[in-house]
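Data block for upload-v5.txt (compact mmCIF, C-alpha atoms and all ligand atoms):
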```
# COMPACT_ATOMS: atom_id res chain seq x y z
CA MET A 1 31.52 -4.24 -8.77
CA SER A 2 27.80 -3.85 -9.36
CA VAL A 3 25.52 -2.63 -6.60
CA PHE A 4 22.29 -4.62 -6.37
CA GLN A 5 19.82 -2.17 -4.97
CA ALA A 6 16.31 -0.78 -5.50
CA THR A 7 14.21 1.96 -3.94
CA ALA A 8 10.41 2.16 -3.91
CA SER A 9 7.75 4.23 -2.23
CA ALA A 10 4.26 3.10 -1.29
CA PRO A 11 1.07 4.79 -0.15
CA VAL A 12 -1.17 4.50 2.86
CA ASN A 13 -4.69 3.15 2.43
CA ILE A 14 -7.71 3.81 4.61
CA ALA A 15 -10.47 1.22 4.58
CA CYS A 16 -14.14 1.96 3.94
CA ILE A 17 -15.06 -1.66 4.66
CA LYS A 18 -12.88 -2.64 7.58
CA TYR A 19 -10.70 -5.71 7.98
CA TRP A 20 -11.09 -6.82 11.58
CA GLY A 21 -10.48 -10.46 12.43
CA LYS A 22 -8.23 -13.30 11.27
CA ARG A 23 -9.14 -16.89 10.55
CA ASP A 24 -5.41 -17.74 10.37
CA THR A 25 -3.05 -15.58 12.43
CA LYS A 26 0.20 -16.91 10.95
CA LEU A 27 -0.75 -16.54 7.29
CA ILE A 28 -2.84 -13.44 8.09
CA LEU A 29 -6.07 -14.62 6.48
CA PRO A 30 -9.06 -12.43 7.29
CA THR A 31 -12.54 -13.32 8.44
CA ASN A 32 -14.03 -10.89 5.91
CA SER A 33 -13.15 -9.08 2.71
CA SER A 34 -12.35 -5.37 2.93
CA LEU A 35 -12.09 -2.34 0.66
CA SER A 36 -10.03 0.82 0.82
CA VAL A 37 -9.04 4.02 -0.91
CA THR A 38 -5.33 4.47 -1.55
CA LEU A 39 -4.14 7.93 -0.48
CA ASP A 40 -1.69 10.10 -2.38
CA GLN A 41 1.92 9.20 -1.61
CA ASP A 42 2.99 12.71 -2.57
CA HIS A 43 1.71 13.49 0.94
CA LEU A 44 1.88 10.30 3.07
CA ARG A 45 4.33 7.57 2.17
CA SER A 46 6.89 4.99 3.15
CA THR A 47 10.10 4.93 1.13
CA THR A 48 12.33 1.86 1.24
CA THR A 49 15.73 0.98 -0.21
CA SER A 50 16.83 -2.65 -0.31
CA ARG A 51 20.35 -3.79 -1.16
CA ALA A 52 21.73 -7.32 -1.54
CA ASP A 53 25.46 -7.83 -1.10
CA PRO A 54 27.64 -10.88 -0.47
CA SER A 55 29.54 -8.96 2.23
CA PHE A 56 26.43 -8.36 4.36
CA LYS A 57 26.29 -10.62 7.43
CA LYS A 58 22.54 -10.72 8.08
CA ASP A 59 19.25 -9.24 6.95
CA THR A 60 18.90 -5.86 8.64
CA LEU A 61 16.18 -3.20 8.65
CA TRP A 62 16.52 0.41 9.73
CA LEU A 63 13.18 2.11 10.28
CA ASN A 64 13.40 5.91 10.36
CA GLY A 65 17.18 5.59 10.84
CA LYS A 66 16.98 3.18 13.80
CA ASP A 67 17.81 -0.52 13.72
CA ASP A 68 14.50 -2.43 13.83
CA PRO A 69 15.43 -6.03 14.72
CA ILE A 70 14.13 -8.68 12.32
CA LYS A 71 12.71 -11.39 14.55
CA GLU A 72 13.22 -14.96 13.39
CA GLY A 73 9.90 -16.37 12.21
CA GLY A 74 8.33 -12.90 12.51
CA ARG A 75 6.37 -11.02 9.86
CA LEU A 76 9.31 -9.15 8.39
CA ALA A 77 11.37 -12.32 8.11
CA THR A 78 8.44 -14.09 6.44
CA CYS A 79 8.14 -11.38 3.78
CA ILE A 80 11.88 -11.20 3.11
CA ASN A 81 12.25 -15.00 2.93
CA GLU A 82 9.27 -15.38 0.63
CA LEU A 83 10.70 -12.76 -1.76
CA LYS A 84 14.09 -14.52 -1.70
CA ARG A 85 12.34 -17.80 -2.51
CA LEU A 86 10.59 -16.19 -5.49
CA ARG A 87 13.91 -14.74 -6.66
CA LYS A 88 15.36 -18.24 -6.69
CA VAL A 89 12.40 -20.01 -8.29
CA LEU A 90 11.30 -17.37 -10.80
CA VAL A 91 14.67 -15.87 -11.77
CA GLU A 92 17.80 -17.77 -10.72
CA ASP A 93 16.53 -21.30 -11.46
CA LYS A 94 15.44 -20.16 -14.92
CA ASP A 95 18.53 -18.18 -15.87
CA ALA A 96 21.90 -19.57 -14.80
CA SER A 97 23.60 -16.22 -15.46
CA ALA A 98 21.34 -14.31 -13.01
CA PRO A 99 23.28 -13.21 -9.91
CA LYS A 100 22.43 -15.39 -6.89
CA LEU A 101 20.91 -12.53 -4.93
CA SER A 102 18.67 -14.96 -3.04
CA THR A 103 21.79 -16.21 -1.21
CA TYR A 104 22.92 -12.73 -0.09
CA ALA A 105 21.75 -10.95 3.05
CA VAL A 106 19.84 -7.69 2.50
CA HIS A 107 20.13 -4.29 4.11
CA ILE A 108 16.88 -2.35 4.10
CA ALA A 109 16.36 1.27 5.08
CA SER A 110 12.87 2.72 5.33
CA TYR A 111 11.43 6.12 6.18
CA ASN A 112 7.85 7.09 6.90
CA ASN A 113 7.18 10.78 6.29
CA PHE A 114 4.43 10.70 8.97
CA PRO A 115 4.13 9.24 12.51
CA THR A 116 4.78 5.48 12.77
CA ALA A 117 2.34 3.21 14.71
CA ALA A 118 -0.08 6.04 15.40
CA GLY A 119 -3.11 4.71 13.59
CA LEU A 120 -2.15 6.33 10.30
CA ALA A 121 -1.61 2.94 8.64
CA SER A 122 2.20 3.02 8.66
CA SER A 123 2.32 -0.77 8.67
CA ALA A 124 0.34 -0.76 5.40
CA SER A 125 2.59 1.63 3.49
CA GLY A 126 5.65 0.20 5.24
CA PHE A 127 5.18 -3.41 4.19
CA ALA A 128 3.98 -2.39 0.71
CA ALA A 129 7.17 -0.34 0.22
CA LEU A 130 9.33 -3.17 1.58
CA VAL A 131 7.78 -5.75 -0.74
CA SER A 132 7.91 -3.37 -3.73
CA SER A 133 11.58 -2.51 -3.24
CA LEU A 134 12.64 -6.16 -2.80
CA ALA A 135 10.53 -7.25 -5.79
CA LYS A 136 12.31 -4.63 -7.88
CA LEU A 137 15.73 -5.59 -6.51
CA TYR A 138 15.06 -9.24 -7.35
CA GLU A 139 13.53 -8.37 -10.75
CA LEU A 140 10.49 -10.51 -10.00
CA PRO A 141 7.98 -10.82 -12.83
CA SER A 142 5.14 -10.74 -10.27
CA THR A 143 1.90 -8.77 -10.59
CA PRO A 144 0.68 -6.40 -7.84
CA SER A 145 -1.90 -9.02 -6.77
CA GLU A 146 0.87 -11.64 -6.46
CA LEU A 147 2.99 -9.24 -4.42
CA SER A 148 -0.04 -8.43 -2.27
CA LEU A 149 -0.03 -12.08 -1.11
CA ILE A 150 3.37 -11.38 0.45
CA ALA A 151 2.59 -7.92 1.85
CA ARG A 152 -0.49 -9.47 3.46
CA GLN A 153 1.80 -11.66 5.56
CA GLY A 154 3.54 -8.53 6.86
CA SER A 155 0.33 -6.77 7.87
CA GLY A 156 -3.09 -7.62 6.50
CA SER A 157 -4.05 -4.10 5.45
CA ALA A 158 -0.69 -3.73 3.63
CA CYS A 159 -1.89 -5.95 0.79
CA ARG A 160 -4.26 -3.18 -0.31
CA SER A 161 -1.39 -0.66 -0.66
CA LEU A 162 -0.03 -2.58 -3.68
CA PHE A 163 -2.61 -0.79 -5.84
CA GLY A 164 -3.63 2.81 -6.30
CA GLY A 165 -7.22 3.99 -6.47
CA TYR A 166 -9.98 1.81 -5.02
CA VAL A 167 -8.87 -1.59 -3.80
CA ALA A 168 -10.53 -4.74 -2.47
CA TRP A 169 -8.85 -7.45 -0.43
CA GLU A 170 -10.72 -10.61 -1.35
CA MET A 171 -10.70 -12.79 1.77
CA GLY A 172 -10.45 -16.07 -0.17
CA THR A 173 -11.40 -19.50 1.14
CA LYS A 174 -8.28 -21.66 0.72
CA ALA A 175 -6.37 -22.79 3.79
CA ASP A 176 -3.00 -21.89 2.23
CA GLY A 177 -4.10 -18.30 1.59
CA SER A 178 -3.30 -18.40 -2.13
CA ASP A 179 -6.67 -16.78 -2.99
CA SER A 180 -6.51 -14.06 -0.31
CA TYR A 181 -5.10 -11.06 -2.17
CA ALA A 182 -5.80 -7.51 -3.28
CA VAL A 183 -7.45 -6.53 -6.55
CA GLU A 184 -8.12 -3.18 -8.13
CA VAL A 185 -11.78 -2.15 -8.00
CA ALA A 186 -11.13 1.05 -9.96
CA PRO A 187 -8.01 3.07 -10.71
CA GLN A 188 -7.38 6.51 -9.26
CA SER A 189 -8.24 8.04 -12.66
CA HIS A 190 -11.77 6.61 -12.48
CA TRP A 191 -12.76 8.89 -9.59
CA PRO A 192 -9.93 11.36 -9.00
CA GLU A 193 -12.18 13.86 -7.21
CA MET A 194 -12.13 11.76 -4.03
CA HIS A 195 -10.35 13.78 -1.34
CA ALA A 196 -9.59 13.00 2.29
CA VAL A 197 -9.28 15.36 5.23
CA ILE A 198 -7.44 13.63 8.07
CA CYS A 199 -7.82 14.98 11.60
CA VAL A 200 -4.85 13.89 13.69
CA VAL A 201 -6.32 13.54 17.17
CA ASN A 202 -3.44 11.57 18.61
CA ASP A 203 -0.14 10.83 16.90
CA ALA A 204 1.35 8.82 19.77
CA LYS A 205 1.73 5.02 19.77
CA LYS A 206 -1.66 3.50 20.47
CA GLY A 207 -2.93 1.35 23.35
CA THR A 208 -4.43 -1.85 21.88
CA SER A 209 -2.72 -2.82 18.64
CA SER A 210 -4.88 -3.87 15.71
CA THR A 211 -3.30 -7.32 15.81
CA SER A 212 -4.17 -8.13 19.42
CA GLY A 213 -7.45 -6.19 19.41
CA MET A 214 -8.91 -8.01 16.44
CA GLN A 215 -7.91 -11.40 17.84
CA ARG A 216 -9.74 -10.65 21.05
CA THR A 217 -12.78 -9.65 19.01
CA VAL A 218 -12.67 -12.94 17.09
CA GLU A 219 -12.52 -14.85 20.36
CA THR A 220 -15.24 -13.01 22.25
CA SER A 221 -17.64 -11.04 20.03
CA ALA A 222 -20.93 -12.58 18.88
CA LEU A 223 -21.63 -9.42 16.89
CA LEU A 224 -18.52 -10.05 14.77
CA GLN A 225 -20.05 -13.33 13.54
CA HIS A 226 -23.16 -11.48 12.39
CA ARG A 227 -21.01 -8.84 10.68
CA ILE A 228 -18.92 -11.42 8.83
CA LYS A 229 -21.85 -13.51 7.61
CA HIS A 230 -24.65 -11.06 7.06
CA VAL A 231 -23.27 -7.55 6.68
CA VAL A 232 -19.90 -7.36 4.92
CA PRO A 233 -20.67 -9.43 1.79
CA LYS A 234 -23.51 -7.10 0.75
CA ARG A 235 -21.54 -3.99 1.69
CA MET A 236 -18.60 -5.12 -0.44
CA ALA A 237 -20.89 -5.53 -3.45
CA ASP A 238 -22.74 -2.27 -2.80
CA ILE A 239 -19.68 -0.08 -2.28
CA SER A 240 -17.95 -1.55 -5.35
CA ALA A 241 -21.05 -0.64 -7.37
CA ALA A 242 -21.08 2.85 -5.79
CA ILE A 243 -17.46 3.36 -6.81
CA GLN A 244 -18.12 2.15 -10.36
CA ALA A 245 -21.05 4.59 -10.58
CA ARG A 246 -19.16 7.39 -8.77
CA ASP A 247 -22.14 7.54 -6.43
CA PHE A 248 -20.85 9.51 -3.44
CA ASP A 249 -24.12 9.20 -1.48
CA ALA A 250 -23.95 5.41 -1.42
CA PHE A 251 -20.18 5.44 -0.88
CA ALA A 252 -20.56 7.74 2.13
CA GLN A 253 -23.47 5.87 3.68
CA ILE A 254 -21.69 2.53 3.50
CA THR A 255 -18.35 3.94 4.68
CA MET A 256 -19.85 5.57 7.79
CA ALA A 257 -22.01 2.54 8.59
CA ASP A 258 -19.00 0.25 8.36
CA SER A 259 -16.83 2.46 10.55
CA ASN A 260 -19.65 2.48 13.10
CA GLN A 261 -19.98 -1.28 13.00
CA PHE A 262 -16.24 -1.86 13.31
CA HIS A 263 -16.23 0.27 16.50
CA ALA A 264 -19.34 -1.59 17.68
CA VAL A 265 -17.58 -4.95 17.40
CA ALA A 266 -14.58 -3.46 19.23
CA LEU A 267 -16.98 -2.47 22.02
CA ASP A 268 -18.56 -5.94 21.87
CA THR A 269 -15.14 -7.43 22.66
CA GLU A 270 -14.37 -8.78 26.12
CA PRO A 271 -12.89 -6.73 27.72
CA PRO A 272 -14.27 -3.90 25.53
CA ILE A 273 -12.00 -1.86 23.29
CA PHE A 274 -12.55 1.88 22.74
CA TYR A 275 -10.60 3.39 19.90
CA MET A 276 -12.56 6.61 19.50
CA ASN A 277 -12.45 9.35 22.12
CA ASP A 278 -14.61 12.41 22.78
CA VAL A 279 -12.86 14.40 20.08
CA SER A 280 -13.57 11.61 17.56
CA LYS A 281 -17.21 11.62 18.62
CA ALA A 282 -17.47 15.40 18.28
CA ILE A 283 -16.13 15.14 14.73
CA ILE A 284 -18.82 12.56 13.96
CA ALA A 285 -21.46 14.97 15.25
CA LEU A 286 -20.09 17.73 12.99
CA ILE A 287 -20.13 15.52 9.91
CA VAL A 288 -23.64 14.25 10.65
CA GLU A 289 -24.90 17.84 10.94
CA TYR A 290 -22.96 18.95 7.86
CA ASN A 291 -24.56 16.11 5.89
CA ARG A 292 -28.02 16.95 7.25
CA VAL A 293 -27.71 20.50 5.92
CA ALA A 294 -26.29 19.26 2.60
CA LEU A 295 -29.12 16.76 2.20
CA GLU A 296 -31.69 19.44 2.87
CA LYS A 297 -30.13 21.90 0.43
CA THR A 298 -28.96 19.60 -2.36
CA GLY A 299 -30.44 16.16 -1.74
CA HIS A 300 -26.91 14.73 -1.45
CA LEU A 301 -24.37 13.84 1.22
CA LYS A 302 -21.07 15.67 1.18
CA ALA A 303 -18.81 13.82 3.64
CA ALA A 304 -18.05 10.39 5.10
CA TYR A 305 -16.12 9.85 8.31
CA THR A 306 -14.19 6.70 9.05
CA TYR A 307 -11.98 5.68 12.00
CA ASP A 308 -9.39 2.90 12.23
CA ALA A 309 -7.96 1.46 15.44
CA GLY A 310 -7.41 4.88 16.98
CA PRO A 311 -9.10 8.27 17.47
CA ASN A 312 -7.95 9.92 14.21
CA ALA A 313 -10.73 10.82 11.78
CA VAL A 314 -10.46 10.37 8.04
CA ILE A 315 -13.15 12.33 6.26
CA TYR A 316 -13.74 11.36 2.64
CA THR A 317 -15.32 14.07 0.50
CA LEU A 318 -15.37 15.26 -3.07
CA GLN A 319 -12.85 17.94 -3.98
CA GLU A 320 -15.48 20.68 -4.24
CA ASN A 321 -16.45 20.28 -0.55
CA ALA A 322 -12.98 20.03 0.96
CA LYS A 323 -12.79 23.75 1.74
CA GLU A 324 -16.05 23.73 3.73
CA ILE A 325 -14.85 20.74 5.73
CA VAL A 326 -11.49 22.29 6.55
CA GLU A 327 -13.34 25.46 7.66
CA LEU A 328 -15.75 23.40 9.76
CA ILE A 329 -13.00 21.49 11.57
CA HIS A 330 -11.09 24.72 12.24
CA LYS A 331 -14.19 26.34 13.71
CA TYR A 332 -14.47 23.68 16.44
CA PHE A 333 -10.81 22.67 16.66
CA PRO A 334 -8.54 25.71 16.48
CA GLN A 335 -5.07 24.91 15.16
CA LYS A 336 -1.68 25.89 16.49
CA GLU A 337 -0.03 25.63 13.12
CA ALA A 338 -1.16 27.14 9.85
CA PHE A 339 -3.07 24.73 7.62
CA ASN A 340 -0.94 23.23 4.85
CA ASP A 341 -3.08 24.37 1.93
CA ARG A 342 -1.57 22.08 -0.67
CA PHE A 343 -4.60 22.29 -2.95
CA GLN A 344 -4.68 26.09 -2.76
CA LEU A 345 -8.23 26.18 -1.42
CA PHE A 346 -7.74 29.41 0.42
CA GLY A 347 -5.43 31.43 -1.81
CA GLY A 348 -3.64 33.86 0.48
CA GLU A 349 -6.66 34.46 2.71
CA GLY A 350 -6.07 31.73 5.32
CA VAL A 351 -8.59 29.53 7.11
CA LYS A 352 -11.16 31.48 9.14
CA GLY A 353 -13.01 28.64 10.82
CA LYS A 354 -16.68 28.81 9.89
CA VAL A 355 -19.79 26.72 9.35
CA VAL A 356 -22.10 26.57 6.35
CA GLU A 357 -25.42 28.44 6.41
CA GLY A 358 -28.13 26.57 8.31
CA PHE A 359 -25.64 24.57 10.42
CA ASN A 360 -26.77 23.98 14.01
CA GLU A 361 -23.70 25.08 15.95
CA ALA A 362 -24.97 23.44 19.15
CA VAL A 363 -24.20 19.89 17.91
CA ALA A 364 -20.68 20.08 19.37
CA GLN A 365 -18.64 22.21 21.75
CA PRO A 366 -15.69 24.18 20.45
CA HIS A 367 -12.47 22.61 21.76
CA GLU A 368 -9.17 24.00 22.98
CA VAL A 369 -6.16 24.32 20.67
CA ASP A 370 -4.44 20.95 20.19
CA ALA A 371 -7.54 18.74 20.64
CA VAL A 372 -6.97 18.10 16.93
CA LYS A 373 -3.20 18.29 16.51
CA GLY A 374 -3.13 18.64 12.78
CA ILE A 375 -5.24 18.51 9.65
CA ILE A 376 -3.87 16.74 6.58
CA HIS A 377 -5.61 17.32 3.29
CA THR A 378 -4.92 14.64 0.69
CA LYS A 379 -6.70 12.69 -2.04
CA VAL A 380 -6.90 9.35 -3.78
CA GLY A 381 -3.52 8.36 -5.22
CA ASP A 382 -1.52 5.84 -7.21
CA GLY A 383 0.14 2.56 -6.26
CA PRO A 384 3.80 1.88 -5.35
CA ARG A 385 6.45 3.70 -7.35
CA THR A 386 9.97 2.67 -8.24
CA LEU A 387 12.43 5.47 -7.54
CA GLY A 388 15.82 6.23 -9.07
CA ALA A 389 19.25 5.58 -7.53
CA GLU A 390 19.47 9.23 -6.43
CA GLU A 391 16.62 8.53 -3.98
CA SER A 392 18.54 5.73 -2.25
CA LEU A 393 18.34 5.71 1.54
CA LEU A 394 21.54 3.64 1.92
CA ASN A 395 25.06 5.04 1.73
CA ALA A 396 28.09 3.38 0.12
CA GLU A 397 28.68 1.22 3.23
CA GLY A 398 25.11 -0.09 3.15
CA THR A 399 23.92 1.75 6.25
CA PRO A 400 21.24 4.47 6.35
CA LYS A 401 22.09 7.91 5.02
CA THR A 402 21.45 10.74 7.41
CA LEU A 403 18.58 12.64 5.87
CA ALA A 404 18.58 16.42 5.91
N1 LIG B 501 8.36 1.81 6.67
C1 LIG B 501 8.20 0.66 7.32
N2 LIG B 501 8.90 -0.42 6.93
C2 LIG B 501 8.74 -1.59 7.56
N3 LIG B 501 7.88 -1.79 8.59
C3 LIG B 501 7.18 -0.74 9.01
C4 LIG B 501 7.29 0.54 8.39
N4 LIG B 501 6.45 1.40 9.01
C5 LIG B 501 5.84 0.69 9.98
N5 LIG B 501 6.26 -0.57 9.99
C6 LIG B 501 5.86 -1.64 10.93
O1 LIG B 501 4.53 -1.41 11.33
C7 LIG B 501 4.44 -1.23 12.73
C8 LIG B 501 3.34 -0.25 13.07
O2 LIG B 501 2.11 -0.88 12.80
P1 LIG B 501 0.80 -0.61 13.64
O3 LIG B 501 -0.28 -1.46 13.04
O4 LIG B 501 1.10 -0.72 15.08
O5 LIG B 501 0.53 0.95 13.40
P2 LIG B 501 -0.15 1.69 12.19
O6 LIG B 501 0.04 0.89 10.94
O7 LIG B 501 0.37 3.08 12.14
O8 LIG B 501 -1.66 1.72 12.60
P3 LIG B 501 -2.93 0.96 11.93
O9 LIG B 501 -2.45 -0.18 11.10
O10 LIG B 501 -3.76 0.50 13.10
O11 LIG B 501 -3.62 2.01 11.13
C9 LIG B 501 5.83 -0.72 13.13
O12 LIG B 501 6.11 -0.98 14.46
C10 LIG B 501 6.71 -1.53 12.17
O13 LIG B 501 6.93 -2.84 12.66
C1 LIG B 502 -8.78 -1.02 11.64
C2 LIG B 502 -7.95 -1.49 10.45
O1 LIG B 502 -7.07 -0.45 10.11
C3 LIG B 502 -7.20 -2.74 10.88
C4 LIG B 502 -5.87 -2.95 10.21
O2 LIG B 502 -5.23 -4.02 10.81
P1 LIG B 502 -3.71 -4.36 10.48
O3 LIG B 502 -3.54 -4.61 9.02
O4 LIG B 502 -2.82 -3.32 11.08
O5 LIG B 502 -3.55 -5.73 11.29
P2 LIG B 502 -2.51 -6.91 11.12
O6 LIG B 502 -2.92 -7.73 9.93
O7 LIG B 502 -2.59 -7.70 12.38
O8 LIG B 502 -1.15 -6.27 10.92
C5 LIG B 502 -8.93 -1.79 9.33
C6 LIG B 502 -8.38 -1.90 7.92
O9 LIG B 502 -7.36 -1.29 7.59
O10 LIG B 502 -9.06 -2.58 7.12
```
Take the structure in this file and express it as structure tokens.
Amino acid sequence: MSVFQATASAPVNIACIKYWGKRDTKLILPTNSSLSVTLDQDHLRSTTTSRADPSFKKDTLWLNGKDDPIKEGGRLATCINELKRLRKVLVEDKDASAPKLSTYAVHIASYNNFPTAAGLASSASGFAALVSSLAKLYELPSTPSELSLIARQGSGSACRSLFGGYVAWEMGTKADGSDSYAVEVAPQSHWPEMHAVICVVNDAKKGTSSTSGMQRTVETSALLQHRIKHVVPKRMADISAAIQARDFDAFAQITMADSNQFHAVALDTEPPIFYMNDVSKAIIALIVEYNRVALEKTGHLKAAYTYDAGPNAVIYTLQENAKEIVELIHKYFPQKEAFNDRFQLFGGEGVKGKVVEGFNEAVAQPHEVDAVKGIIHTKVGDGPRTLGAEESLLNAEGTPKTLA
């Protein structure tokens, strides 16, 4: 008997223009457009296998090997049901010989190769991988933008992980959400030199979830209304132009300004929300000083920090500056574990921890080991990938394989 199964992996994305606020909480329609860089799934990814079988009793998801209950009417159920509906309408109703997979329950196993729910955008890669694997299983003729409409209903930011490179989520205006989807601004190949140095400040589950935090902001922040109307539209246009022109100065300025404003609207929420901590703030001080020196020496910026709903820093930079940034972070935040030098920046010599010439070392205090728990060096990457049967996460019985 044939096995109906597909496996896909999907990347994380980190926004430069932040999504923060919904105008429709059920459909997940945002109050502003947003834009992100997709990170390389060779380093950070969710991998998901979906199987449809007439013997399965109910839709089931295992996340990192553990049963993750699918709540009726919840986000997962919405995504799965919508994909089943498309299977029926786009495939089964058109071809009588197509197996009626839409009537079978599915078993889904997913693994994140990085901490889940720790502000590293696991919901984004997770829902993008889920939608990609089911779309493949159901042989849907849908485009990435069409699939992004479904991923959006799992987690807003997930819609942007349906593309590689530089991605915008157009907020749309329709009440049914049919024009609120992701589009490619530029592929990875357009500006492959974009790297990211991620400082993991806290990899534990966070306090205020994005979902509840942003809703409180919508309800209580006057500053958010200003941001939505008067700030984001111009920033979206300007950063898209900066990406087209590969203008890192403009890209960095806008990215840092938008991170700052997102954290300002979080603070403007009642009661206030603080996602950054003192370590996050020290990293900002280091990047500001590093850019000051760069501007003085070269007339250009070299780094852009951005923070999501947690204290972890993502520092965008061009490949040529990544080594200096890794050195800088090590100088102030000594590491317990050796740096994973996947781009061979250091050869065999190891990271020393040093600042560039002219850097004012007094801008931040050196911290104790573990203030920054890890440093992940990655870069812009491609969109979801379909993987072969040998990568399946489900065993013959349709339950998760134990991974080595
Ligand atoms: N691989 C996955 N497959 C399906 N769902 C997933 C997967 N990974 C994460 N999720 C869902 O996303 C939730 C975590 O989302 P949450 O927004 O709290 O954290 P985060 O995405 O890591 O942080 P943030 O979005 O603020 O950057 C999990 O509890 C789970 O429901
Ligand atoms: C700060 C952010 O990372 C917020 C992400 O929010 P989510 O997409 O996690 O929220 P839900 O739609 O409620 O699931 C900014 C961004 O990624 O644009």
Which centre and edge lengths in Å to one decimal define the box along x, y and z that fits every listed atom of ligand LIG 501 (chain B) plus 8 Å per side, as AutoDock Vina command-line options?
```
--center_x 2.6 --center_y 0.1 --center_z 10.9 --size_x 28.7 --size_y 21.9 --size_z 24.4
```
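One finds atom CA of A:Met1 at 14.7 Å from atom CA of A:Phe56.
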### Query
Nearest to A:Gly310: which of A:Leu162, A:Leu83, A:Ala294, A:Val201 is it, counting only C-alpha atoms?
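Going through A:Leu162, A:Leu83, A:Ala294, A:Val201 one by one, the smallest distance to A:Gly310 is for A:Val201.
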Kindly provide the residues of stretch 28-89 of chain A that approach stretch 189-197 of chain A to within 10 Å, each paired with its closest atom pair and their distance in Å to one decimal, based on only C-alpha atoms, listed by chain and increasing number, as JSON lines.
```
{"residue": "A:Val37", "atom": "CA", "partner": "A:Met194", "partner_atom": "CA", "distance": 8.9}
{"residue": "A:Leu39", "atom": "CA", "partner": "A:Ala196", "partner_atom": "CA", "distance": 7.9}
{"residue": "A:Asp40", "atom": "CA", "partner": "A:His195", "partner_atom": "CA", "distance": 9.5}
```
### Given only C-alpha atoms and all ligand atoms as the counted atoms, nearest of A:Ala158, A:Ala52, A:Ala257, A:Val131 to ligand LIG 502 (chain B)
A:Ala158
Distance table requested - chain A against ligand LIG 501 (chain B), cut-off 7 Å, only C-alpha atoms and all ligand atoms: one row per qualifying residue with the closest atom pair and its distance in Å to one decimal, ordered by chain and rising residue number, as JSON lines.
```
{"residue": "A:Ser46", "atom": "CA", "partner": "B:LIG501", "partner_atom": "N1", "distance": 5.0}
{"residue": "A:Thr47", "atom": "CA", "partner": "B:LIG501", "partner_atom": "N1", "distance": 6.6}
{"residue": "A:Thr48", "atom": "CA", "partner": "B:LIG501", "partner_atom": "N1", "distance": 6.7}
{"residue": "A:Leu63", "atom": "CA", "partner": "B:LIG501", "partner_atom": "C1", "distance": 6.0}
{"residue": "A:Ser110", "atom": "CA", "partner": "B:LIG501", "partner_atom": "N1", "distance": 4.8}
{"residue": "A:Tyr111", "atom": "CA", "partner": "B:LIG501", "partner_atom": "N1", "distance": 5.3}
{"residue": "A:Asn112", "atom": "CA", "partner": "B:LIG501", "partner_atom": "N1", "distance": 5.3}
{"residue": "A:Thr116", "atom": "CA", "partner": "B:LIG501", "partner_atom": "O7", "distance": 5.1}
{"residue": "A:Ala117", "atom": "CA", "partner": "B:LIG501", "partner_atom": "O5", "distance": 3.2}
{"residue": "A:Ala118", "atom": "CA", "partner": "B:LIG501", "partner_atom": "O7", "distance": 4.4}
{"residue": "A:Gly119", "atom": "CA", "partner": "B:LIG501", "partner_atom": "O8", "distance": 3.5}
{"residue": "A:Leu120", "atom": "CA", "partner": "B:LIG501", "partner_atom": "O7", "distance": 4.5}
{"residue": "A:Ala121", "atom": "CA", "partner": "B:LIG501", "partner_atom": "O11", "distance": 3.3}
{"residue": "A:Ser122", "atom": "CA", "partner": "B:LIG501", "partner_atom": "O6", "distance": 3.8}
{"residue": "A:Ser123", "atom": "CA", "partner": "B:LIG501", "partner_atom": "O1", "distance": 3.5}
{"residue": "A:Ala124", "atom": "CA", "partner": "B:LIG501", "partner_atom": "O6", "distance": 5.8}
{"residue": "A:Ser125", "atom": "CA", "partner": "B:LIG501", "partner_atom": "N1", "distance": 6.6}
{"residue": "A:Gly126", "atom": "CA", "partner": "B:LIG501", "partner_atom": "C1", "distance": 3.3}
{"residue": "A:Phe127", "atom": "CA", "partner": "B:LIG501", "partner_atom": "C2", "distance": 5.2}
{"residue": "A:Ala129", "atom": "CA", "partner": "B:LIG501", "partner_atom": "N1", "distance": 6.9}
{"residue": "A:Leu130", "atom": "CA", "partner": "B:LIG501", "partner_atom": "N2", "distance": 6.0}
{"residue": "A:Ser209", "atom": "CA", "partner": "B:LIG501", "partner_atom": "O4", "distance": 5.6}
{"residue": "A:Ser210", "atom": "CA", "partner": "B:LIG501", "partner_atom": "O10", "distance": 5.2}
{"residue": "A:Asp308", "atom": "CA", "partner": "B:LIG501", "partner_atom": "O11", "distance": 5.9}
{"residue": "A:Ala309", "atom": "CA", "partner": "B:LIG501", "partner_atom": "O10", "distance": 4.9}
{"residue": "A:Gly310", "atom": "CA", "partner": "B:LIG501", "partner_atom": "O10", "distance": 6.9}
```
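Here the question is which of A:Val12, A:Ile273, A:Ala303, A:Val279 gets nearest to A:Gly207 using only C-alpha atoms, and that residue is A:Ile273.
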